[in-house]
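Working notes for the structure below.
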Amino acid sequence: MPVLTPDAALSLGATWSQVRQSAHERATAASFPTTDEEIWRYSRIGELDLATFTVAETPTSIAGLSDAVTVTQVSASAVAVDPAFADLFSETTSSDLFNSLNLAHMDVIVISVARGVVASEPIIVTHTLNGEGNIYFPRLVIDAAENSEVTVVERFISNDGVRSLVVPVLDARAAQSARVRYLAINELGDKTWQIGEHHSQGHRDSDTLLATVALGGDYARVSTAARLLGQGSNTRQVALYFAGGTQMHDFRTLQEHAAPRTTSDLLFKGAVQDTAKSVYTGLIKIHNNAKGSVAYQTNRNLTLSHGAWAESVPNLEIETNDVKCSHASTVGPIDEDQLFYLESRGVNPDVAQRLVVLGFFDEVLAQLPVGNLAASLRQQVANKLSIGVGA
Amino acid sequence: MSTLEIRDLHASVGNKKILHGVNLKISSGEVHAVMGPNGAGKSTLSAVVLGRKGYSISSGSVLLDGVEMLGLPTWQRAVAGLHLVLQYPTEVPGVKLNDVLSEALKGRGRDGDIARLDTLLKTEAARIHFDEKFLDRPLNVDLSGGEKKRNETLQLSILKPLFVILDELDSGLDVDALRDCARRVMDATSEDNLGALVITHYSRLLTELRPSKIHILVKGRIVETGGPELADVLERDGYAAFTPEETVEEASMSDPMGLNLYP
């Protein structure tokens, strides 16, 4: 496997489409980000040396397949590919380094749902990223045709101690009246890095949900951008993140309204313990043609230890008056009144704190698209909570 | 037979002294009322007895059957048998009533009640007309004032403390809910020998919760203790009759810096 230098990137995989070739060129031209850029502020990007990683094919398994969906997998090493396939990426011209690297090296999974089809069973895509020193570039495209419905869960798993890097991209497209629900679950080990992006495009009257549960990783970043392109479209973004030890979770969100009467709702709830860190910066952007739109943005953070740190920066950029927007953001310890209330019933303080933290996350767990995953995720949060352990 | 005795209790919030030596003793099965105007220190008294943070206690005792409660953490006081029904019950998002009660009963070693908690909850909910659909709600979230107090009363009836302090039970609820809650408390005084300290500034609550003794708390002291007839005096004359004339002088004497601690 070649080391990932710009030259090596150019020499790789450009065999199956011009898409990849031009992505290589953009990746080569892109400068490496620094924390001077607002979008990388607070991040740990300065610690990353791409040359220490080797590109590897993403080990992926897929469950929940049915006749309702068409799943196409094309790995980076594929030689011959249907030319129509390349058209899926013709509009992908991001100059972002990581997006371009992903496009250049991607192992693609395309999940398509035909017009009017409802895929009732969730599709579970699992990436197991245990190659020491490997860098993985999975790209998941969800292509929901008019009035179709699909739910996809993408799990990222690695063992503790494995130094790997995953640069995933999600590209979710909801055609008119389509319903797309997506959940990313980060269960990465304590030495794995993630620099990921979620994009959704909602056309007229469509409904998209981008959900994230982040528990693992050393430095794990997700930029999530929901774009409302057709009038009457609706999107929700929710996240639960919980960092401990020396972990850092880093979220950059965008709710972009580019059509009239569009609605967006964002709820990100995080907790940090030990000396962990988290960052949330979010933007609601409403274009001047998006009259009658409604956008909500809420970020709440619990700091569970004195050494833990959370940053929350909500922003609004609104070009028309005829909108309803709100944003709320909090960072702080567990509410003393809530603890007193539980303790005054005779619940010991450790248990009371655990109940309050788990309750805090329930609002997000209740909105996850696959209800029966919520219980096991709640248990993972409970297992991770260091409050009251050994008490 | 248990007793709860508050002895010469002095407490402050920040630099402001609120309680100036409160004395009070109540036994199992009794209902006592503590009445006083706004700012008398009624809520401070309930907070201090349960050990809420933010109060400093300069002297005094809170004795449950002779055992000092001051210095114990709140949850241990609750396990020992003290309970507080809050004036404004706190909303705790995502935390379910039966999870809290399970943990609370676990702390009391009442495994049998944990096993039959669902049945207990339904039975007790029916007694106070608390809709079963609220049993699955996160604590106090999206409940009306009346439902919050029913929820508080429900917890009281399941936890069965030795003594309860009802802090302004009549705040924010309608007549029907007040009657349901008050009657359940009165029932507990006879069925479970519960002792109830009723904190209120309106005598109307006492038509439902019938105290044998009334303590009048003014400016951090019990200035009068008497039978139920005291409530009638209050109803007629207000608290003015119980406000010591010399309070202003007294305050300035105990406060040589000239700070107005009792505005």
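Residues are referred to by chain and number: the chain letter is A, B, ... according to the order shown in the structure tokens, the number counts from 1 in that chain, and ligands are numbered separately from 1 in the order shown.
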**OP:** With a distance cut-off of 12 Å and only C-alpha atoms, select the neighbouring residues of region 231-234 of chain B, excluding the residue or stretch itself and same-chain residues fewer than 2 positions from it, and output the selection as a VMD selection string.
**Re:** chain B and resid 32 to 37 200 to 207 210 to 216 224 to 229 236 to 243
**OP:** Do a neighbour search on Asp113 (chain B) at 10 Å with only C-alpha atoms, toss out local chain neighbours closer than 6 positions, and write the hits as JSON, numbers by chain.
**Re:** {"B": [101, 102, 105, 106, 119, 120, 158, 159]}
**OP:** Could you please select, counting only C-alpha atoms, the residues of chain A within 7 Å of chain B and state them as a PyMOL selection string?
**Re:** chain A and resi 337-338+340-341+343-348+355-356+359-360+362-363
Original post:
Near Asn289 (chain A), counting only C-alpha atoms, which residues have an atom at most 12 Å away, once you skip same-chain residues fewer than 3 positions from it, shown as an MDAnalysis selection string?
Top reply: chainID A and resid 228:231 256:262 285:286 292:293 318:323
Those selected residues, please, written with N, CA and C atoms and delivered as a CSV table (one decimal), in the first residue's frame.
chain,number,residue,atom,x,y,z
A,228,LEU,N,-31.6,22.6,2.2
A,228,LEU,CA,-32.9,22.5,1.8
A,228,LEU,C,-33.1,23.3,0.5
A,229,LEU,N,-33.2,22.5,-0.6
A,229,LEU,CA,-33.2,23.1,-1.9
A,229,LEU,C,-34.6,23.2,-2.5
A,230,GLY,N,-35.6,22.5,-2.0
A,230,GLY,CA,-36.9,22.6,-2.6
A,230,GLY,C,-37.9,23.1,-1.6
A,231,GLN,N,-38.9,23.8,-2.0
A,231,GLN,CA,-39.8,24.5,-1.1
A,231,GLN,C,-40.6,23.4,-0.3
A,256,GLU,N,-28.9,25.0,5.9
A,256,GLU,CA,-29.0,26.0,4.8
A,256,GLU,C,-30.3,25.9,4.2
A,257,HIS,N,-31.0,27.1,4.2
A,257,HIS,CA,-32.3,27.2,3.6
A,257,HIS,C,-32.2,28.0,2.3
A,258,ALA,N,-32.4,27.2,1.2
A,258,ALA,CA,-32.3,27.9,-0.1
A,258,ALA,C,-33.6,27.8,-0.9
A,259,ALA,N,-34.7,27.6,-0.2
A,259,ALA,CA,-36.0,27.6,-0.8
A,259,ALA,C,-37.1,28.1,0.1
A,260,PRO,N,-38.2,28.5,-0.4
A,260,PRO,CA,-39.2,29.1,0.5
A,260,PRO,C,-39.9,28.0,1.4
A,261,ARG,N,-40.4,28.4,2.6
A,261,ARG,CA,-41.1,27.6,3.5
A,261,ARG,C,-40.4,26.3,3.8
A,262,THR,N,-39.2,26.4,4.1
A,262,THR,CA,-38.4,25.2,4.5
A,262,THR,C,-38.2,25.3,6.0
A,285,LYS,N,-28.1,29.2,8.0
A,285,LYS,CA,-28.0,30.2,6.9
A,285,LYS,C,-29.3,30.2,6.1
A,286,ILE,N,-29.9,31.4,6.0
A,286,ILE,CA,-31.2,31.5,5.3
A,286,ILE,C,-31.0,32.4,4.1
A,292,GLY,N,-40.6,32.6,4.7
A,292,GLY,CA,-41.5,31.7,5.4
A,292,GLY,C,-40.8,30.5,6.0
A,293,SER,N,-39.5,30.6,6.1
A,293,SER,CA,-38.8,29.4,6.7
A,293,SER,C,-38.7,29.5,8.2
A,318,ILE,N,-28.9,35.4,8.2
A,318,ILE,CA,-30.3,35.5,7.6
A,318,ILE,C,-30.4,36.6,6.6
A,319,GLU,N,-30.8,36.3,5.4
A,319,GLU,CA,-30.9,37.3,4.4
A,319,GLU,C,-32.3,37.7,4.1
A,320,THR,N,-33.3,37.2,4.8
A,320,THR,CA,-34.7,37.7,4.6
A,320,THR,C,-35.4,37.9,5.9
A,321,ASN,N,-36.3,38.8,6.0
A,321,ASN,CA,-37.0,39.0,7.3
A,321,ASN,C,-38.1,38.0,7.6
A,322,ASP,N,-38.6,37.5,6.6
A,322,ASP,CA,-39.8,36.7,6.8
A,322,ASP,C,-39.5,35.2,7.2
A,323,VAL,N,-38.8,35.1,8.4
A,323,VAL,CA,-38.4,33.8,8.9
A,323,VAL,C,-38.6,33.8,10.4
**OP:** DSSP on the backbone, then: every residue of region 22-168 of chain A marked strand (DSSP E), written as an MDAnalysis selection string.
**Re:** chainID A and resid 54:56 60:63 69:74 107:113 123:128 134:136 138:144 149:157 165:166
For those residues, write C-alpha atoms to a file as a PDB file, in the first residue's frame.
ATOM      1  CA  THR A  54      -1.353   4.222   4.375  1.00  0.00           C
ATOM      2  CA  VAL A  55      -4.455   4.123   2.193  1.00  0.00           C
ATOM      3  CA  ALA A  56      -6.459   0.956   2.686  1.00  0.00           C
ATOM      4  CA  THR A  60     -17.446  -3.050   5.229  1.00  0.00           C
ATOM      5  CA  SER A  61     -20.398  -5.306   5.839  1.00  0.00           C
ATOM      6  CA  ILE A  62     -23.988  -4.499   4.992  1.00  0.00           C
ATOM      7  CA  ALA A  63     -27.101  -5.918   6.632  1.00  0.00           C
ATOM      8  CA  VAL A  69     -33.297  -1.069  -2.229  1.00  0.00           C
ATOM      9  CA  THR A  70     -30.475  -1.338  -4.690  1.00  0.00           C
ATOM     10  CA  VAL A  71     -27.033  -1.366  -3.154  1.00  0.00           C
ATOM     11  CA  THR A  72     -23.958  -0.879  -5.308  1.00  0.00           C
ATOM     12  CA  GLN A  73     -20.496  -1.222  -3.841  1.00  0.00           C
ATOM     13  CA  VAL A  74     -17.501   0.042  -5.761  1.00  0.00           C
ATOM     14  CA  ASP A 107     -14.819   2.961  -1.423  1.00  0.00           C
ATOM     15  CA  VAL A 108     -18.334   3.800  -2.479  1.00  0.00           C
ATOM     16  CA  ILE A 109     -21.611   2.373  -1.390  1.00  0.00           C
ATOM     17  CA  VAL A 110     -24.672   3.687  -3.165  1.00  0.00           C
ATOM     18  CA  ILE A 111     -28.036   2.870  -1.660  1.00  0.00           C
ATOM     19  CA  SER A 112     -30.838   3.688  -4.069  1.00  0.00           C
ATOM     20  CA  VAL A 113     -34.537   3.508  -3.457  1.00  0.00           C
ATOM     21  CA  ILE A 123     -29.951  -0.899   6.282  1.00  0.00           C
ATOM     22  CA  ILE A 124     -26.969  -1.287   8.568  1.00  0.00           C
ATOM     23  CA  VAL A 125     -23.549  -0.483   7.093  1.00  0.00           C
ATOM     24  CA  THR A 126     -20.639  -1.410   9.354  1.00  0.00           C
ATOM     25  CA  HIS A 127     -17.037  -0.327   8.786  1.00  0.00           C
ATOM     26  CA  THR A 128     -14.446  -2.143  10.882  1.00  0.00           C
ATOM     27  CA  ASN A 134      -4.370   2.797   7.824  1.00  0.00           C
ATOM     28  CA  ILE A 135      -6.459   5.587   6.401  1.00  0.00           C
ATOM     29  CA  TYR A 136      -9.926   4.712   5.141  1.00  0.00           C
ATOM     30  CA  PRO A 138     -15.670   5.228   2.813  1.00  0.00           C
ATOM     31  CA  ARG A 139     -18.316   7.193   0.960  1.00  0.00           C
ATOM     32  CA  LEU A 140     -21.981   6.438   1.376  1.00  0.00           C
ATOM     33  CA  VAL A 141     -24.501   7.794  -1.079  1.00  0.00           C
ATOM     34  CA  ILE A 142     -28.178   7.534  -0.228  1.00  0.00           C
ATOM     35  CA  ASP A 143     -30.225   8.255  -3.290  1.00  0.00           C
ATOM     36  CA  ALA A 144     -33.917   8.361  -2.479  1.00  0.00           C
ATOM     37  CA  GLU A 149     -38.432   6.190   2.141  1.00  0.00           C
ATOM     38  CA  VAL A 150     -35.254   4.690   3.542  1.00  0.00           C
ATOM     39  CA  THR A 151     -33.380   4.419   6.830  1.00  0.00           C
ATOM     40  CA  VAL A 152     -29.628   3.807   6.924  1.00  0.00           C
ATOM     41  CA  VAL A 153     -27.363   3.277   9.911  1.00  0.00           C
ATOM     42  CA  GLU A 154     -23.612   3.598   9.399  1.00  0.00           C
ATOM     43  CA  ARG A 155     -21.412   2.210  12.160  1.00  0.00           C
ATOM     44  CA  PHE A 156     -17.728   3.011  12.565  1.00  0.00           C
ATOM     45  CA  ILE A 157     -15.874   0.510  14.724  1.00  0.00           C
ATOM     46  CA  LEU A 165      -7.845   7.350  10.473  1.00  0.00           C
ATOM     47  CA  VAL A 166     -11.199   7.328   8.768  1.00  0.00           C
TER      48      VAL A 166
END
**OP:** Give me every alpha helix (DSSP H) residue in region 186-249 of chain B, going by DSSP on the backbone, as a PyMOL selection string.
**Re:** chain B and resi 186-191+229-237+247-249
Write out as a PDB file with C-alpha atoms, in the first residue's frame which residues come within 10 Å of Thr153 (chain B) when counting only C-alpha atoms, dropping same-chain ones fewer than 4 positions away.
ATOM      1  CA  VAL B  85     -42.594  18.142  48.987  1.00  0.00           C
ATOM      2  CA  GLU B 124     -51.645   5.267  44.623  1.00  0.00           C
ATOM      3  CA  ALA B 125     -52.198   7.200  41.388  1.00  0.00           C
ATOM      4  CA  ILE B 128     -55.301  10.901  44.148  1.00  0.00           C
ATOM      5  CA  PHE B 130     -53.354  11.134  39.002  1.00  0.00           C
ATOM      6  CA  GLU B 147     -50.249  17.298  38.296  1.00  0.00           C
ATOM      7  CA  LYS B 148     -46.844  18.232  39.694  1.00  0.00           C
ATOM      8  CA  LYS B 149     -48.258  18.310  43.226  1.00  0.00           C
ATOM      9  CA  SER B 157     -47.226   7.877  49.534  1.00  0.00           C
ATOM     10  CA  ILE B 158     -44.811   5.300  48.128  1.00  0.00           C
ATOM     11  CA  LEU B 159     -41.666   6.334  49.986  1.00  0.00           C
ATOM     12  CA  LEU B 166     -44.939  20.283  52.677  1.00  0.00           C
ATOM     13  CA  LEU B 169     -48.447  22.706  48.915  1.00  0.00           C
ATOM     14  CA  ASP B 180     -56.711  15.189  46.535  1.00  0.00           C
ATOM     15  CA  CYS B 181     -53.200  15.869  47.784  1.00  0.00           C
ATOM     16  CA  ALA B 182     -54.210  17.146  51.207  1.00  0.00           C
ATOM     17  CA  ARG B 184     -53.857  11.739  50.924  1.00  0.00           C
ATOM     18  CA  VAL B 185     -51.474  13.372  53.385  1.00  0.00           C
TER      19      VAL B 185
END
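Using only C-alpha atoms, the residues found no farther than 7 Å from Leu283 (chain A), other than those of its own chain fewer than 6 positions away, are A:Thr253, A:Leu254, A:Gln255, A:Pro314, A:Asn315, A:Leu316.
The two atoms in question, CA of Glu38 (chain A) and CA of Thr281 (chain A), are spaced 9.6 Å apart.
Relative to CA of Asp265 (chain A), CA of Arg204 (chain A) is found at 17.0 Å.
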Original post:
In terms of the shortest atom-to-atom distance over only C-alpha atoms, which of B:Gly112, B:Gly220, B:Gly66, B:Gly146 is closest to Gly41 (chain B)?
Top reply: B:Gly220
Compile the contact shell of Thr3 (chain B) as a PDB file with C-alpha atoms, in the first residue's frame: residues with an atom at most 8 Å away, counting only C-alpha atoms, same-chain residues fewer than 6 positions apart removed.
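And here's part-v4.pdb as it stands now:
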ATOM      1  CA  LYS B  25     -40.980  19.650  67.858  1.00  0.00           C
ATOM      2  CA  ILE B  26     -43.368  17.316  66.077  1.00  0.00           C
ATOM      3  CA  SER B  27     -44.255  13.676  66.668  1.00  0.00           C
ATOM      4  CA  SER B  28     -45.486  10.867  64.437  1.00  0.00           C
ATOM      5  CA  LEU B  63     -32.860  15.794  65.451  1.00  0.00           C
ATOM      6  CA  LEU B  64     -34.748  12.821  64.085  1.00  0.00           C
ATOM      7  CA  ASP B  65     -35.395  10.518  67.021  1.00  0.00           C
ATOM      8  CA  GLY B  66     -32.474  12.188  68.731  1.00  0.00           C
TER       9      GLY B  66
END
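Using only C-alpha atoms, the residues found no farther than 10 Å from Leu302 (chain A), other than those of its own chain fewer than 6 positions away, are Phe242, Lys269, Gly270, Ala271, Val272, Gln273, Ala308, Trp309, Ala310, Thr330, Val331, Gly332, Pro333, Ile334, Asp335, Val357 and Phe360 of chain A.
Between CA of Gln353 (chain A) and CA of Arg137 (chain B) lies a distance of 18.8 Å.
For the residues A:Gln201, A:Ser66, A:Ser31, A:Ser120, ranking by smallest atom-to-atom distance to Phe98 (chain A) using only C-alpha atoms places A:Ser31 first.
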